[in-house]
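entry.json (JSON, C-alpha atoms) appears below.
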[["chain", "number", "residue", "atom", "x", "y", "z"],
["R", 1205, "MET", "CA", 280.82, 67.61, 31.65],
["R", 1206, "LYS", "CA", 278.01, 65.07, 31.43],
["R", 1207, "LEU", "CA", 276.79, 63.93, 34.82],
["R", 1208, "SER", "CA", 275.10, 60.63, 35.64],
["R", 1209, "VAL", "CA", 273.38, 60.49, 39.03],
["R", 1210, "ILE", "CA", 273.09, 57.00, 40.53],
["R", 1211, "ILE", "CA", 270.70, 56.26, 43.40],
["R", 1212, "PRO", "CA", 270.77, 52.75, 44.92],
["R", 1213, "THR", "CA", 267.39, 51.84, 46.42],
["R", 1214, "TYR", "CA", 265.70, 49.18, 48.51],
["R", 1215, "ASN", "CA", 262.01, 49.84, 49.20],
["R", 1216, "GLU", "CA", 262.54, 53.61, 48.99],
["R", 1217, "ALA", "CA", 259.58, 54.55, 46.77],
["R", 1218, "LYS", "CA", 257.94, 56.51, 49.61],
["R", 1219, "SER", "CA", 261.06, 58.45, 50.59],
["R", 1220, "ILE", "CA", 262.88, 59.18, 47.33],
["R", 1221, "SER", "CA", 260.62, 61.91, 45.94],
["R", 1222, "ALA", "CA", 262.31, 64.88, 47.66],
["R", 1223, "CYS", "CA", 265.73, 63.62, 46.58],
["R", 1224, "VAL", "CA", 264.78, 63.38, 42.90],
["R", 1225, "THR", "CA", 262.87, 66.69, 42.95],
["R", 1226, "GLU", "CA", 265.99, 68.54, 44.10],
["R", 1227, "LEU", "CA", 268.22, 66.64, 41.68],
["R", 1228, "ARG", "CA", 265.98, 67.83, 38.85],
["R", 1229, "ASN", "CA", 265.38, 71.42, 40.02],
["R", 1230, "GLY", "CA", 265.33, 72.92, 36.54],
["R", 1231, "ILE", "CA", 268.09, 70.73, 35.09],
["R", 1232, "SER", "CA", 268.07, 67.34, 33.40],
["R", 1233, "PRO", "CA", 271.01, 65.12, 34.34],
["R", 1234, "GLU", "CA", 270.75, 61.39, 33.70],
["R", 1235, "ILE", "CA", 269.30, 59.86, 36.87],
["R", 1236, "ILE", "CA", 269.60, 56.10, 37.24],
["R", 1237, "ILE", "CA", 267.63, 54.41, 40.00],
["R", 1238, "ALA", "CA", 269.46, 51.16, 40.75],
["R", 1239, "ASP", "CA", 266.78, 49.15, 42.52],
["R", 1240, "SER", "CA", 267.45, 46.02, 44.55],
["R", 1241, "PRO", "CA", 265.97, 42.81, 43.13],
["R", 1242, "ASN", "CA", 264.58, 42.26, 46.64],
["R", 1243, "SER", "CA", 262.51, 45.47, 46.66],
["R", 1244, "CYS", "CA", 258.76, 44.97, 46.94],
["R", 1245, "ASP", "CA", 257.53, 48.50, 46.22],
["R", 1246, "ASP", "CA", 256.69, 50.08, 42.86],
["R", 1247, "MET", "CA", 259.91, 51.99, 42.22],
["R", 1248, "GLU", "CA", 259.68, 51.34, 38.48],
["R", 1249, "ARG", "CA", 256.48, 53.37, 38.25],
["R", 1250, "PHE", "CA", 258.07, 56.23, 40.19],
["R", 1251, "ALA", "CA", 261.09, 56.19, 37.88],
["R", 1252, "LYS", "CA", 258.94, 56.37, 34.75],
["R", 1253, "GLN", "CA", 256.79, 59.16, 36.19],
["R", 1254, "ASN", "CA", 259.91, 61.19, 37.01],
["R", 1255, "ASN", "CA", 261.88, 60.58, 33.82],
["R", 1256, "CYS", "CA", 264.52, 58.46, 35.53],
["R", 1257, "VAL", "CA", 266.25, 55.39, 34.16],
["R", 1258, "TYR", "CA", 265.01, 52.37, 36.09],
["R", 1259, "LEU", "CA", 267.41, 49.49, 36.59],
["R", 1260, "GLN", "CA", 266.45, 46.44, 38.60],
["R", 1261, "THR", "CA", 269.87, 45.03, 39.33],
["R", 1262, "VAL", "CA", 270.86, 41.40, 39.14],
["R", 1263, "LYS", "CA", 272.40, 41.40, 42.61],
["R", 1264, "ALA", "CA", 271.25, 43.08, 45.83],
["R", 1265, "GLY", "CA", 273.51, 45.34, 47.91],
["R", 1266, "ARG", "CA", 274.58, 48.94, 47.38],
["R", 1267, "ASN", "CA", 277.97, 47.89, 46.00],
["R", 1268, "HIS", "CA", 276.46, 45.65, 43.31],
["R", 1269, "GLN", "CA", 273.62, 48.05, 42.53],
["R", 1270, "MET", "CA", 275.94, 51.05, 42.09],
["R", 1271, "ASN", "CA", 278.39, 49.06, 39.98],
["R", 1272, "GLU", "CA", 275.65, 47.79, 37.69],
["R", 1273, "ALA", "CA", 274.28, 51.31, 37.26],
["R", 1274, "ALA", "CA", 277.75, 52.71, 36.59],
["R", 1275, "SER", "CA", 278.21, 50.17, 33.79],
["R", 1276, "ILE", "CA", 275.27, 51.64, 31.84],
["R", 1277, "ALA", "CA", 275.78, 55.30, 32.79],
["R", 1278, "GLY", "CA", 276.34, 57.70, 29.90],
["R", 1279, "GLY", "CA", 278.09, 60.43, 31.88],
["R", 1280, "ASP", "CA", 281.80, 61.07, 32.14],
["R", 1281, "VAL", "CA", 281.26, 61.92, 35.83],
["R", 1282, "LEU", "CA", 279.28, 59.67, 38.19],
["R", 1283, "TYR", "CA", 277.44, 61.07, 41.21],
["R", 1284, "PHE", "CA", 276.31, 58.56, 43.84],
["R", 1285, "VAL", "CA", 273.45, 59.78, 46.04],
["R", 1286, "HIS", "CA", 271.42, 58.01, 48.73],
["R", 1287, "ALA", "CA", 267.63, 58.05, 48.31],
["R", 1288, "ASP", "CA", 267.04, 60.01, 51.53],
["R", 1289, "THR", "CA", 269.61, 62.73, 50.77],
["R", 1290, "ILE", "CA", 268.83, 66.25, 49.51],
["R", 1291, "VAL", "CA", 271.53, 67.84, 47.38],
["R", 1292, "PRO", "CA", 272.23, 71.59, 47.43],
["R", 1293, "LYS", "CA", 271.04, 73.88, 44.67],
["R", 1294, "GLY", "CA", 273.64, 74.30, 41.95],
["R", 1295, "TYR", "CA", 275.23, 70.92, 42.60],
["R", 1296, "VAL", "CA", 276.00, 70.32, 38.92],
["R", 1297, "LYS", "CA", 277.96, 73.58, 38.68],
["R", 1298, "ASP", "CA", 279.68, 72.80, 42.00],
["R", 1299, "ILE", "CA", 280.86, 69.44, 40.74],
["R", 1300, "GLU", "CA", 281.85, 70.76, 37.32],
["R", 1301, "GLN", "CA", 283.90, 73.57, 38.85],
["R", 1302, "THR", "CA", 285.60, 71.22, 41.30],
["R", 1303, "ILE", "CA", 286.52, 68.82, 38.50],
["R", 1304, "THR", "CA", 287.74, 71.73, 36.35],
["R", 1305, "ASN", "CA", 289.97, 72.84, 39.24],
["R", 1306, "GLY", "CA", 291.75, 69.49, 39.19],
["R", 1307, "ALA", "CA", 289.76, 67.12, 41.41],
["R", 1308, "ASP", "CA", 289.22, 63.55, 40.30],
["R", 1309, "MET", "CA", 286.56, 62.84, 42.90],
["R", 1310, "GLY", "CA", 284.97, 64.39, 45.97],
["R", 1311, "CYS", "CA", 281.94, 64.93, 48.16],
["R", 1312, "TYR", "CA", 279.99, 67.51, 50.15],
["R", 1313, "ARG", "CA", 279.80, 68.11, 53.86],
["R", 1314, "TYR", "CA", 276.47, 67.24, 55.42],
["R", 1315, "LYS", "CA", 273.92, 68.37, 57.95],
["R", 1316, "PHE", "CA", 270.94, 66.44, 59.29],
["R", 1317, "ASP", "CA", 267.30, 67.14, 58.53],
["R", 1318, "GLU", "CA", 266.65, 67.41, 62.27],
["R", 1319, "TYR", "CA", 268.70, 67.65, 65.45],
["R", 1320, "LYS", "CA", 266.65, 65.99, 68.16],
["R", 1321, "ASN", "CA", 269.96, 65.19, 69.80],
["R", 1322, "PRO", "CA", 272.29, 68.23, 69.69],
["R", 1323, "LEU", "CA", 275.30, 65.88, 69.61],
["R", 1324, "LEU", "CA", 274.49, 65.26, 65.95],
["R", 1325, "ARG", "CA", 275.98, 68.68, 65.28],
["R", 1326, "ILE", "CA", 279.37, 67.19, 66.15],
["R", 1327, "ASN", "CA", 278.95, 64.61, 63.38],
["R", 1328, "SER", "CA", 278.02, 67.34, 60.91],
["R", 1329, "PHE", "CA", 280.98, 69.53, 61.92],
["R", 1330, "PHE", "CA", 283.57, 66.83, 61.30],
["R", 1331, "THR", "CA", 282.48, 66.23, 57.70],
["R", 1332, "ARG", "CA", 284.54, 69.27, 56.70],
["R", 1333, "PHE", "CA", 287.80, 67.46, 57.48],
["R", 1334, "PRO", "CA", 289.65, 65.18, 55.02],
["R", 1335, "MET", "CA", 290.29, 62.16, 57.26],
["R", 1336, "LEU", "CA", 288.89, 58.87, 56.00],
["R", 1337, "TRP", "CA", 286.83, 58.28, 59.16],
["R", 1338, "CYS", "CA", 285.03, 61.60, 58.52],
["R", 1339, "ARG", "CA", 283.62, 60.29, 55.23],
["R", 1340, "GLY", "CA", 280.59, 58.17, 54.37],
["R", 1341, "GLY", "CA", 278.11, 57.55, 51.62],
["R", 1342, "ASP", "CA", 275.61, 60.02, 53.09],
["R", 1343, "GLN", "CA", 277.87, 62.85, 51.93],
["R", 1344, "THR", "CA", 277.35, 61.70, 48.31],
["R", 1345, "LEU", "CA", 280.31, 60.97, 46.04],
["R", 1346, "PHE", "CA", 281.19, 62.35, 42.63],
["R", 1347, "ILE", "CA", 283.95, 60.69, 40.64],
["R", 1348, "LYS", "CA", 285.22, 60.71, 37.08],
["R", 1349, "LYS", "CA", 283.99, 57.57, 35.36],
["R", 1350, "SER", "CA", 287.50, 56.86, 34.11],
["R", 1351, "VAL", "CA", 288.77, 56.97, 37.70],
["R", 1352, "PHE", "CA", 285.90, 54.78, 38.94],
["R", 1353, "ASP", "CA", 286.71, 52.22, 36.25],
["R", 1354, "SER", "CA", 290.44, 52.33, 36.99],
["R", 1355, "LEU", "CA", 289.69, 51.53, 40.65],
["R", 1356, "GLY", "CA", 287.50, 48.61, 39.62],
["R", 1357, "GLY", "CA", 284.38, 50.23, 41.04],
["R", 1358, "TYR", "CA", 283.01, 49.26, 44.42],
["R", 1359, "CYS", "CA", 284.40, 46.05, 45.89],
["R", 1360, "CYS", "CA", 281.96, 43.21, 45.27],
["R", 1361, "LYS", "CA", 282.84, 41.68, 48.67],
["R", 1362, "HIS", "CA", 281.96, 44.71, 50.82],
["R", 1363, "LEU", "CA", 278.37, 44.40, 52.04],
["R", 1364, "ILE", "CA", 278.88, 47.60, 54.05],
["R", 1365, "MET", "CA", 281.84, 50.03, 54.13],
["R", 1366, "GLU", "CA", 281.98, 49.91, 50.32],
["R", 1367, "ASP", "CA", 282.40, 53.69, 50.14],
["R", 1368, "TYR", "CA", 285.29, 53.71, 52.64],
["R", 1369, "ASP", "CA", 286.98, 50.89, 50.73],
["R", 1370, "LEU", "CA", 286.79, 52.81, 47.45],
["R", 1371, "LEU", "CA", 288.20, 55.96, 49.04],
["R", 1372, "LYS", "CA", 291.01, 54.04, 50.72],
["R", 1373, "ARG", "CA", 292.04, 52.49, 47.40],
["R", 1374, "SER", "CA", 292.04, 55.93, 45.77],
["R", 1375, "GLN", "CA", 294.32, 57.58, 48.35],
["R", 1376, "GLY", "CA", 297.66, 58.70, 46.94],
["R", 1377, "LYS", "CA", 296.44, 58.12, 43.38],
["R", 1378, "TYR", "CA", 293.68, 60.65, 42.79],
["R", 1379, "GLN", "CA", 292.81, 64.11, 44.06],
["R", 1380, "PHE", "CA", 289.84, 64.25, 46.43],
["R", 1381, "GLU", "CA", 288.04, 67.50, 47.29],
["R", 1382, "ILE", "CA", 285.30, 68.36, 49.79],
["R", 1383, "ILE", "CA", 282.88, 71.00, 48.50],
["R", 1384, "PRO", "CA", 282.20, 73.48, 51.36],
["R", 1385, "LYS", "CA", 278.42, 73.16, 51.14],
["R", 1386, "ASN", "CA", 276.03, 70.75, 52.83],
["R", 1387, "VAL", "CA", 273.82, 67.99, 51.58],
["R", 1388, "ILE", "CA", 270.93, 67.23, 53.92],
["R", 1389, "VAL", "CA", 270.73, 63.67, 55.22],
["R", 1390, "SER", "CA", 268.06, 61.89, 57.20],
["R", 1391, "ALA", "CA", 268.54, 61.42, 60.93],
["R", 1392, "ARG", "CA", 266.09, 58.51, 60.94],
["R", 1393, "LYS", "CA", 268.73, 55.93, 61.91],
["R", 1394, "TYR", "CA", 269.62, 57.99, 65.00],
["R", 1395, "SER", "CA", 265.97, 58.57, 65.88],
["R", 1396, "LYS", "CA", 265.26, 54.85, 65.66],
["R", 1397, "ASN", "CA", 268.33, 53.56, 67.49],
["R", 1398, "GLY", "CA", 269.61, 56.43, 69.65],
["R", 1399, "TYR", "CA", 272.72, 58.53, 69.18],
["R", 1400, "PHE", "CA", 275.18, 56.55, 71.30],
["R", 1401, "LYS", "CA", 274.06, 53.18, 69.95],
["R", 1402, "VAL", "CA", 274.68, 54.31, 66.35],
["R", 1403, "GLN", "CA", 278.03, 55.86, 67.27],
["R", 1404, "TRP", "CA", 279.15, 52.67, 68.99],
["R", 1405, "ALA", "CA", 278.10, 50.55, 66.01],
["R", 1406, "ASN", "CA", 279.97, 52.87, 63.64],
["R", 1407, "PHE", "CA", 283.07, 52.83, 65.83],
["R", 1408, "THR", "CA", 282.99, 49.04, 66.16],
["R", 1409, "VAL", "CA", 282.79, 48.24, 62.45],
["R", 1410, "MET", "CA", 285.23, 51.02, 61.50],
["R", 1411, "ARG", "CA", 287.84, 49.74, 63.96],
["R", 1412, "LYS", "CA", 287.44, 46.15, 62.79],
["R", 1413, "TRP", "CA", 287.59, 47.22, 59.15],
["R", 1414, "LEU", "CA", 290.70, 49.38, 59.59],
["R", 1415, "ASN", "CA", 292.46, 46.65, 61.59],
["R", 1416, "GLN", "CA", 291.25, 43.94, 59.20],
["R", 1417, "LYS", "CA", 289.80, 42.06, 62.15],
["R", 1418, "ALA", "CA", 286.66, 40.92, 60.34],
["R", 1419, "CYS", "CA", 285.68, 39.88, 56.83],
["R", 1420, "PRO", "CA", 282.93, 41.81, 54.96],
["R", 1421, "GLU", "CA", 280.30, 39.22, 55.90],
["R", 1422, "GLU", "CA", 281.19, 39.55, 59.58],
["R", 1423, "LEU", "CA", 281.10, 43.35, 59.42],
["R", 1424, "LYS", "CA", 277.62, 43.24, 57.93],
["R", 1425, "GLU", "CA", 276.43, 40.76, 60.56],
["R", 1426, "ILE", "CA", 277.87, 42.85, 63.42],
["R", 1427, "TYR", "CA", 276.32, 46.08, 62.14],
["R", 1428, "SER", "CA", 272.93, 44.47, 61.52],
["R", 1429, "ARG", "CA", 272.94, 42.92, 64.99],
["R", 1430, "MET", "CA", 273.79, 46.21, 66.70],
["R", 1431, "LEU", "CA", 271.23, 48.41, 64.92],
["R", 1432, "ASN", "CA", 267.62, 48.26, 63.80]]
Just dump the structure as structure tokens.
Amino acid sequence: MKLSVIIPTYNEAKSISACVTELRNGISPEIIIADSPNSCDDMERFAKQNNCVYLQTVKAGRNHQMNEAASIAGGDVLYFVHADTIVPKGYVKDIEQTITNGADMGCYRYKFDEYKNPLLRINSFFTRFPMLWCRGGDQTLFIKKSVFDSLGGYCCKHLIMEDYDLLKRSQGKYQFEIIPKNVIVSARKYSKNGYFKVQWANFTVMRKWLNQKACPEELKEIYSRMLN
């Protein structure tokens, strides 16, 4: 198995170091940093210093950035990771074993880097369950490149919820597995906005998306209005 790690970024040069350090951790997968054309930091220098492929994408938005990176990836398995996420040790072997056992795609559970609000432990706990609403890009996503291509990649219309859309389109077609280990994700959104405000924003856009009550542009506008 050849793994290509894809990290979409937007002004993340100051926060990506821990993520890349753990991704390397004695191994050398292809790491592609798919940087937004709207970024104004020096991510290209960071990429060169850390032996990563730097790609300034044509279009902004995680969906476009991840699709553009996937199109140049050399691996037969793609692994999408957010810049503020820390993967567990042995992640390459975890993914390889899960693929060998028959999975076409999958993710990890997650825990937060801090629990200033103990209710965050509820969020972490539910990432072990297979329901669609328990997923999210913070858990990272590995997927066979052939499967990613067959699904048409991430929807170019989804400005948010692109990960949920991909998973929904894969249901009933491909085998999805959750690796029983945790990635570590940043709780910064909860610290900045408050637990209940983030939960309400998540619930609002998820309900509208599931019920097809809003177009992708409206979902993005609603989410941006509700959260800082």
Practice problem: Can you pull out every residue within 8 Å of segment 1339-1347 of chain R, counting all atoms listed in the file, but drop anything in the same chain fewer than 4 positions away, and send it as a ChimeraX atom specification? | Solution: /R:1281-1286,1289,1299,1308-1314,1331,1334-1335,1351-1352,1367-1368,1387,1389
Please write the residues from the selection above to a file, keeping C-alpha atoms, as a short mmCIF file (atom, residue, chain, number, x, y, z; two decimals), in the coordinates of the input.
data_model
loop_
_atom_site.label_atom_id
_atom_site.label_comp_id
_atom_site.auth_asym_id
_atom_site.auth_seq_id
_atom_site.Cartn_x
_atom_site.Cartn_y
_atom_site.Cartn_z
CA VAL R 1281 281.26 61.92 35.83
CA LEU R 1282 279.28 59.67 38.19
CA TYR R 1283 277.44 61.07 41.21
CA PHE R 1284 276.31 58.56 43.84
CA VAL R 1285 273.45 59.78 46.04
CA HIS R 1286 271.42 58.01 48.73
CA THR R 1289 269.61 62.73 50.77
CA ILE R 1299 280.86 69.44 40.74
CA ASP R 1308 289.22 63.55 40.30
CA MET R 1309 286.56 62.84 42.90
CA GLY R 1310 284.97 64.39 45.97
CA CYS R 1311 281.94 64.93 48.16
CA TYR R 1312 279.99 67.51 50.15
CA ARG R 1313 279.80 68.11 53.86
CA TYR R 1314 276.47 67.24 55.42
CA THR R 1331 282.48 66.23 57.70
CA PRO R 1334 289.65 65.18 55.02
CA MET R 1335 290.29 62.16 57.26
CA VAL R 1351 288.77 56.97 37.70
CA PHE R 1352 285.90 54.78 38.94
CA ASP R 1367 282.40 53.69 50.14
CA TYR R 1368 285.29 53.71 52.64
CA VAL R 1387 273.82 67.99 51.58
CA VAL R 1389 270.73 63.67 55.22
#
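If you look at atom CA of Lys1361 of chain R and atom CA of Ile1426 of chain R, they are 15.6 Å away from each other.
Considering all atoms listed in the file, the residue among R:Leu1324, R:Leu1370, R:Ala1273, R:Ala1217 positioned nearest to Ser1395 of chain R is R:Leu1324.
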Exercise. Quote the spacing between atom CA of Ser1208 of chain R and atom CA of Ala1274 of chain R in Å to one decimal place.
Key: 8.4 Å
Quiz item: Can you tell me, as a list in words, what residues are no more than 9 Å from Asp1245 of chain R when counting all atoms listed in the file, ignoring any on the same chain fewer than 2 positions away?
Solution: Tyr1214, Asn1215, Glu1216, Ala1217, Lys1218, Ser1243, Met1247 and Glu1248 of chain R
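Proximity to Lys1263 of chain R was assessed for R:Pro1233, R:Pro1212, R:Gly1306, R:Pro1322 counting all atoms listed in the file; the smallest distance is recorded for R:Pro1212.
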Practice problem: Would you mind listing what lies within 7 Å of Glu1300 of chain R as an MDAnalysis selection string, with only C-alpha atoms counted and same-chain residues fewer than 4 positions away left out? | Solution: chainID R and resid 1205 1296 1304
Using the partial input, fill out segment 1335-1360 of chain R with N, CA, C and O atoms; write the result as a PDB file, in the frame of the given file.
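Listed below is the output, out.pdb:
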ATOM      1  N   MET R1335     289.950  63.499  56.795  1.00  0.00           N
ATOM      2  CA  MET R1335     290.290  62.160  57.260  1.00  0.00           C
ATOM      3  C   MET R1335     289.263  61.130  56.780  1.00  0.00           C
ATOM      4  O   MET R1335     288.079  61.440  56.669  1.00  0.00           O
ATOM      5  N   LEU R1336     289.753  59.923  56.532  1.00  0.00           N
ATOM      6  CA  LEU R1336     288.890  58.870  56.000  1.00  0.00           C
ATOM      7  C   LEU R1336     287.699  58.598  56.914  1.00  0.00           C
ATOM      8  O   LEU R1336     286.576  58.391  56.450  1.00  0.00           O
ATOM      9  N   TRP R1337     287.927  58.606  58.241  1.00  0.00           N
ATOM     10  CA  TRP R1337     286.830  58.280  59.160  1.00  0.00           C
ATOM     11  C   TRP R1337     285.764  59.372  59.223  1.00  0.00           C
ATOM     12  O   TRP R1337     284.697  59.168  59.814  1.00  0.00           O
ATOM     13  N   CYS R1338     286.029  60.520  58.594  1.00  0.00           N
ATOM     14  CA  CYS R1338     285.030  61.600  58.520  1.00  0.00           C
ATOM     15  C   CYS R1338     284.137  61.473  57.269  1.00  0.00           C
ATOM     16  O   CYS R1338     283.267  62.305  57.051  1.00  0.00           O
ATOM     17  N   ARG R1339     284.377  60.464  56.467  1.00  0.00           N
ATOM     18  CA  ARG R1339     283.620  60.290  55.230  1.00  0.00           C
ATOM     19  C   ARG R1339     282.420  59.385  55.447  1.00  0.00           C
ATOM     20  O   ARG R1339     282.090  58.960  56.527  1.00  0.00           O
ATOM     21  N   GLY R1340     281.756  59.038  54.334  1.00  0.00           N
ATOM     22  CA  GLY R1340     280.590  58.170  54.370  1.00  0.00           C
ATOM     23  C   GLY R1340     279.700  58.429  53.180  1.00  0.00           C
ATOM     24  O   GLY R1340     279.700  59.529  52.611  1.00  0.00           O
ATOM     25  N   GLY R1341     278.945  57.420  52.796  1.00  0.00           N
ATOM     26  CA  GLY R1341     278.110  57.550  51.620  1.00  0.00           C
ATOM     27  C   GLY R1341     277.039  58.608  51.707  1.00  0.00           C
ATOM     28  O   GLY R1341     276.563  59.119  50.692  1.00  0.00           O
ATOM     29  N   ASP R1342     276.629  58.976  52.926  1.00  0.00           N
ATOM     30  CA  ASP R1342     275.610  60.020  53.090  1.00  0.00           C
ATOM     31  C   ASP R1342     276.056  61.362  52.524  1.00  0.00           C
ATOM     32  O   ASP R1342     275.222  62.206  52.193  1.00  0.00           O
ATOM     33  N   GLN R1343     277.362  61.567  52.431  1.00  0.00           N
ATOM     34  CA  GLN R1343     277.870  62.850  51.930  1.00  0.00           C
ATOM     35  C   GLN R1343     277.813  62.927  50.404  1.00  0.00           C
ATOM     36  O   GLN R1343     278.148  63.959  49.843  1.00  0.00           O
ATOM     37  N   THR R1344     277.349  61.861  49.760  1.00  0.00           N
ATOM     38  CA  THR R1344     277.350  61.700  48.310  1.00  0.00           C
ATOM     39  C   THR R1344     278.794  61.608  47.818  1.00  0.00           C
ATOM     40  O   THR R1344     279.727  61.979  48.537  1.00  0.00           O
ATOM     41  N   LEU R1345     278.971  61.098  46.615  1.00  0.00           N
ATOM     42  CA  LEU R1345     280.310  60.970  46.040  1.00  0.00           C
ATOM     43  C   LEU R1345     280.246  61.226  44.551  1.00  0.00           C
ATOM     44  O   LEU R1345     279.463  60.594  43.843  1.00  0.00           O
ATOM     45  N   PHE R1346     281.042  62.177  44.076  1.00  0.00           N
ATOM     46  CA  PHE R1346     281.190  62.350  42.630  1.00  0.00           C
ATOM     47  C   PHE R1346     282.590  61.875  42.245  1.00  0.00           C
ATOM     48  O   PHE R1346     283.551  62.033  42.995  1.00  0.00           O
ATOM     49  N   ILE R1347     282.693  61.272  41.068  1.00  0.00           N
ATOM     50  CA  ILE R1347     283.950  60.690  40.640  1.00  0.00           C
ATOM     51  C   ILE R1347     283.975  60.568  39.116  1.00  0.00           C
ATOM     52  O   ILE R1347     282.950  60.219  38.501  1.00  0.00           O
ATOM     53  N   LYS R1348     285.089  60.897  38.520  1.00  0.00           N
ATOM     54  CA  LYS R1348     285.220  60.710  37.080  1.00  0.00           C
ATOM     55  C   LYS R1348     284.995  59.232  36.765  1.00  0.00           C
ATOM     56  O   LYS R1348     285.512  58.353  37.459  1.00  0.00           O
ATOM     57  N   LYS R1349     284.264  58.969  35.698  1.00  0.00           N
ATOM     58  CA  LYS R1349     283.990  57.570  35.360  1.00  0.00           C
ATOM     59  C   LYS R1349     285.280  56.822  35.039  1.00  0.00           C
ATOM     60  O   LYS R1349     285.416  55.637  35.374  1.00  0.00           O
ATOM     61  N   SER R1350     286.229  57.508  34.424  1.00  0.00           N
ATOM     62  CA  SER R1350     287.500  56.860  34.110  1.00  0.00           C
ATOM     63  C   SER R1350     288.240  56.453  35.383  1.00  0.00           C
ATOM     64  O   SER R1350     288.888  55.397  35.430  1.00  0.00           O
ATOM     65  N   VAL R1351     288.131  57.282  36.419  1.00  0.00           N
ATOM     66  CA  VAL R1351     288.770  56.970  37.700  1.00  0.00           C
ATOM     67  C   VAL R1351     288.034  55.813  38.379  1.00  0.00           C
ATOM     68  O   VAL R1351     288.661  54.888  38.917  1.00  0.00           O
ATOM     69  N   PHE R1352     286.707  55.861  38.356  1.00  0.00           N
ATOM     70  CA  PHE R1352     285.900  54.780  38.940  1.00  0.00           C
ATOM     71  C   PHE R1352     286.257  53.447  38.297  1.00  0.00           C
ATOM     72  O   PHE R1352     286.465  52.438  38.987  1.00  0.00           O
ATOM     73  N   ASP R1353     286.369  53.453  36.966  1.00  0.00           N
ATOM     74  CA  ASP R1353     286.710  52.220  36.250  1.00  0.00           C
ATOM     75  C   ASP R1353     288.120  51.755  36.582  1.00  0.00           C
ATOM     76  O   ASP R1353     288.372  50.556  36.731  1.00  0.00           O
ATOM     77  N   SER R1354     289.053  52.703  36.700  1.00  0.00           N
ATOM     78  CA  SER R1354     290.440  52.330  36.990  1.00  0.00           C
ATOM     79  C   SER R1354     290.585  51.708  38.373  1.00  0.00           C
ATOM     80  O   SER R1354     291.480  50.894  38.612  1.00  0.00           O
ATOM     81  N   LEU R1355     289.677  52.086  39.295  1.00  0.00           N
ATOM     82  CA  LEU R1355     289.690  51.530  40.650  1.00  0.00           C
ATOM     83  C   LEU R1355     288.913  50.215  40.730  1.00  0.00           C
ATOM     84  O   LEU R1355     288.894  49.568  41.778  1.00  0.00           O
ATOM     85  N   GLY R1356     288.283  49.839  39.631  1.00  0.00           N
ATOM     86  CA  GLY R1356     287.500  48.610  39.620  1.00  0.00           C
ATOM     87  C   GLY R1356     286.138  48.745  40.264  1.00  0.00           C
ATOM     88  O   GLY R1356     285.504  47.747  40.605  1.00  0.00           O
ATOM     89  N   GLY R1357     285.680  50.001  40.435  1.00  0.00           N
ATOM     90  CA  GLY R1357     284.380  50.230  41.040  1.00  0.00           C
ATOM     91  C   GLY R1357     284.354  49.860  42.511  1.00  0.00           C
ATOM     92  O   GLY R1357     285.395  49.760  43.168  1.00  0.00           O
ATOM     93  N   TYR R1358     283.155  49.665  43.026  1.00  0.00           N
ATOM     94  CA  TYR R1358     283.010  49.260  44.420  1.00  0.00           C
ATOM     95  C   TYR R1358     283.348  47.777  44.557  1.00  0.00           C
ATOM     96  O   TYR R1358     283.032  46.975  43.685  1.00  0.00           O
ATOM     97  N   CYS R1359     284.001  47.436  45.644  1.00  0.00           N
ATOM     98  CA  CYS R1359     284.400  46.050  45.890  1.00  0.00           C
ATOM     99  C   CYS R1359     283.162  45.163  46.010  1.00  0.00           C
ATOM    100  O   CYS R1359     282.253  45.465  46.790  1.00  0.00           O
ATOM    101  N   CYS R1360     283.136  44.083  45.263  1.00  0.00           N
ATOM    102  CA  CYS R1360     281.960  43.210  45.270  1.00  0.00           C
ATOM    103  C   CYS R1360     281.827  42.435  46.584  1.00  0.00           C
ATOM    104  O   CYS R1360     280.777  41.868  46.872  1.00  0.00           O
TER     105      CYS R1360
END
